[in-house]
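Take a look at the structure below.
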Amino acid sequence: DTEVTQTPKHLVMGMTNKKSLKCEQHMGHRAMYWYKQKAKKPPELMFVYSYEKLSINESVPSRFSPECPNSSLLNLHLHALQPEDSALYLCASSLGEARNSYEQYFGPGTRLTVT
Amino acid sequence: GENVEQHPSTLSVQEGDSAVIKCTYSDSASNYFPWYKQELGKGPQLIIDIRSNVGEKKDQRIAVTLNKTAKHFSLHITETQPEDSAVYFCAASIRKGRRALTFGSGTRLQVQP
């Protein structure tokens with residue numbers, strides 16, 4: 001099973017709202033990722049967690065705040081977003097660097113619209 | 001900076017024909033090259049991958065080839081079917097030990113029945 005689940009599927013929020021995206025996997029993966037994908041563009045890396053610690057932040061604005069409560073869960077907290085932040089937010093996971101595994105498996109994404 | 005280029009941006013073939021998508025990468029330290037298929041409204045699905053110590057890999061109707069010297073790799077789909085219609089992304093892991101992916105710009109494949 002290579003399933004990564006994401007909730008909600010769709011989210012509409014105002015610029016003053018606070019919301020969270022959730023990602024879950026039960027494959028024993030120890031690396032988890034957030035990507036942002038704009039329409040007709042490839043995914044762009046935002047954050048990487050390795051063994052529940054933030055290992056990469058691709059200079060993402062602080063209005064995006066990631067959290068990894070445990071090895072199966074990854075959250076992305078959103079606050080004071082801008083309309084240009086509207087995109088598909090993808091979560092992915094992989095076994096992890098220490099296990100010399102490369103394959104990343106993506107969830108279905110959360111379609112975010114900021115009004 | 002690092003770069004993965006992908007061509008063509010769109011590709012239309014007749015059902016049963018073959019389709020080839022090509023990518024080039026810039027960093028010779030890259031050692032892992034996956035291909036993803038993304039259908040409308042879905043996340044990218046890993047369909048095949050290749051590591052730098054292998055020149056070719058095949059899985060049923062799809063195959064990937066890698067030329068390390070030229071720094072390019074290609075996806076080959078034979079006997080295309082309408083359900084192969086999707087956007088295909090190549091990617092490269094371009095930082096040693098980091099395993100983060102950089103994607104190509106994508107190819108929209110349309111298989112005409």
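Letters A, B, ... go to the chains of the structure tokens in the order shown; residues in each chain start at 1; ligands are counted from 1 in the same order.
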Practice task
Mind checking which residues fall within 8 Å of Asn17 in chain A, counting only C-alpha atoms, ignoring those fewer than 3 positions away in the same chain, and posting them as a VMD selection string?
Solution key: chain A and resid 13 to 14 78 to 81
Please produce a file of the residues just selected, as a JSON list (two decimals), in the first residue's frame, where the atoms kept are C-alpha atoms.
```json
[["chain", "number", "residue", "atom", "x", "y", "z"],
["A", 13, "MET", "CA", -10.48, 30.71, 3.05],
["A", 14, "GLY", "CA", -10.36, 34.45, 3.48],
["A", 78, "LEU", "CA", -2.11, 28.65, 7.17],
["A", 79, "HIS", "CA", -2.56, 32.22, 8.36],
["A", 80, "ALA", "CA", -3.02, 35.55, 6.61],
["A", 81, "LEU", "CA", -2.65, 34.05, 3.15]]
```
Residue list for chain A near chain B as a short mmCIF file (atom, residue, chain, number, x, y, z; two decimals) with N, CA, C and O atoms, in the first residue's frame, 7 Å, only C-alpha atoms:
```
data_model
loop_
_atom_site.label_atom_id
_atom_site.label_comp_id
_atom_site.auth_asym_id
_atom_site.auth_seq_id
_atom_site.Cartn_x
_atom_site.Cartn_y
_atom_site.Cartn_z
N LYS A 41 1.65 23.88 -13.84
CA LYS A 41 3.05 23.96 -13.44
C LYS A 41 3.45 22.70 -12.68
O LYS A 41 2.59 21.99 -12.17
N PRO A 42 4.74 22.42 -12.57
CA PRO A 42 5.16 21.27 -11.77
C PRO A 42 5.10 21.58 -10.28
O PRO A 42 5.06 22.75 -9.89
N PRO A 43 5.11 20.55 -9.46
CA PRO A 43 5.16 20.77 -8.01
C PRO A 43 6.47 21.47 -7.62
O PRO A 43 7.52 21.20 -8.18
N LEU A 90 0.31 19.65 -2.12
CA LEU A 90 0.56 18.22 -2.17
C LEU A 90 1.46 17.78 -1.03
O LEU A 90 2.46 18.44 -0.73
N GLU A 97 16.05 9.23 4.25
CA GLU A 97 17.43 9.25 3.76
C GLU A 97 18.27 8.15 4.35
O GLU A 97 19.08 7.53 3.67
N TYR A 102 14.59 6.34 -2.29
CA TYR A 102 14.37 7.55 -3.05
C TYR A 102 12.91 7.80 -3.38
O TYR A 102 12.52 8.94 -3.61
N TYR A 105 6.00 9.21 -2.63
CA TYR A 105 4.62 8.92 -2.98
C TYR A 105 3.76 10.11 -2.56
O TYR A 105 3.87 10.60 -1.43
N PHE A 106 2.93 10.56 -3.49
CA PHE A 106 2.14 11.76 -3.28
C PHE A 106 0.71 11.44 -2.87
O PHE A 106 0.14 10.44 -3.30
N GLY A 107 0.15 12.35 -2.08
CA GLY A 107 -1.27 12.30 -1.81
C GLY A 107 -2.04 12.99 -2.92
O GLY A 107 -1.45 13.52 -3.87
N PRO A 108 -3.38 13.03 -2.81
CA PRO A 108 -4.21 13.62 -3.86
C PRO A 108 -4.22 15.14 -3.84
O PRO A 108 -4.64 15.77 -4.82
N GLY A 109 -3.75 15.73 -2.75
CA GLY A 109 -3.67 17.18 -2.68
C GLY A 109 -4.88 17.84 -2.05
O GLY A 109 -5.97 17.25 -1.96
#
```
Problem - DSSP strand (DSSP E or B) residues within range 32-105 of chain B, as number ranges by chain - result: B: 32-38, 45-51, 56-59, 62-67, 72-77, 86-93, 101-103
Practice task
Would you work out the distance separating CA of Leu76 in chain A from CA of Ser30 in chain B, expressed in Å to one decimal?
Solution key: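 About the pair CA of Leu76 in chain A and CA of Ser30 in chain B: they are 28.9 Å apart.
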Practice task
Would you list the contacts of Leu11 in chain B as a list in words, taking every protein, DNA or RNA residue within 8 Å and counting only C-alpha atoms, but skipping same-chain residues closer than 2 positions in sequence?
Solution key: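 That gives Pro8, Ser9, Val13, Ala19, Thr107, Arg108, Leu109 and Gln110 of chain B.
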Please, could you write that set of residues out with all heavy atoms as a compact mmCIF listing (two decimals), in the first residue's frame?
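What ended up in result_16.txt:
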```txt
# COMPACT_ATOMS: atom_id res chain seq x y z
N PRO B 8 8.44 17.12 -25.24
CA PRO B 8 7.75 18.36 -25.59
C PRO B 8 6.79 18.77 -24.47
O PRO B 8 6.57 18.01 -23.54
CB PRO B 8 6.99 17.96 -26.85
CG PRO B 8 6.65 16.52 -26.62
CD PRO B 8 7.82 15.94 -25.87
N SER B 9 6.18 19.93 -24.59
CA SER B 9 5.22 20.36 -23.59
C SER B 9 3.86 19.71 -23.83
O SER B 9 3.08 19.50 -22.90
CB SER B 9 5.08 21.88 -23.59
OG SER B 9 4.71 22.34 -24.88
N VAL B 13 -0.84 11.60 -29.77
CA VAL B 13 -0.57 10.39 -30.54
C VAL B 13 -1.87 9.63 -30.76
O VAL B 13 -2.85 9.83 -30.05
CB VAL B 13 0.46 9.48 -29.83
CG1 VAL B 13 1.79 10.21 -29.64
CG2 VAL B 13 -0.07 8.97 -28.50
N ALA B 19 4.92 6.81 -27.56
CA ALA B 19 5.15 8.20 -27.15
C ALA B 19 6.49 8.26 -26.43
O ALA B 19 6.84 7.36 -25.66
CB ALA B 19 4.04 8.67 -26.21
N THR B 107 4.68 17.33 -19.49
CA THR B 107 4.24 17.05 -20.86
C THR B 107 2.79 16.59 -20.81
O THR B 107 2.49 15.61 -20.11
CB THR B 107 5.10 15.96 -21.51
OG1 THR B 107 6.44 16.43 -21.65
CG2 THR B 107 4.54 15.58 -22.89
N ARG B 108 1.95 17.29 -21.53
CA ARG B 108 0.55 16.86 -21.61
C ARG B 108 0.43 15.88 -22.76
O ARG B 108 0.56 16.26 -23.93
CB ARG B 108 -0.37 18.05 -21.81
CG ARG B 108 -1.86 17.67 -21.86
CD ARG B 108 -2.73 18.91 -21.82
NE ARG B 108 -2.57 19.65 -20.59
CZ ARG B 108 -3.16 19.35 -19.43
NH1 ARG B 108 -3.97 18.31 -19.36
NH2 ARG B 108 -2.96 20.10 -18.37
N LEU B 109 0.16 14.63 -22.44
CA LEU B 109 0.01 13.57 -23.45
C LEU B 109 -1.48 13.33 -23.71
O LEU B 109 -2.25 13.10 -22.79
CB LEU B 109 0.67 12.27 -22.98
CG LEU B 109 0.45 11.05 -23.88
CD1 LEU B 109 1.09 11.26 -25.24
CD2 LEU B 109 1.01 9.80 -23.21
N GLN B 110 -1.84 13.39 -24.98
CA GLN B 110 -3.22 13.12 -25.39
C GLN B 110 -3.18 11.93 -26.34
O GLN B 110 -2.51 11.98 -27.37
CB GLN B 110 -3.83 14.33 -26.08
CG GLN B 110 -5.29 14.16 -26.46
CD GLN B 110 -6.21 14.13 -25.26
OE1 GLN B 110 -6.05 14.87 -24.31
NE2 GLN B 110 -7.18 13.23 -25.29
```
Practice task
May I ask which of the residues B:Trp35, B:Gly16, B:Ser52, B:Glu5 is the closest one to Thr69 in chain B, counting only C-alpha atoms?
Solution key: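 So, comparing all the options, the nearest one is B:Ser52.
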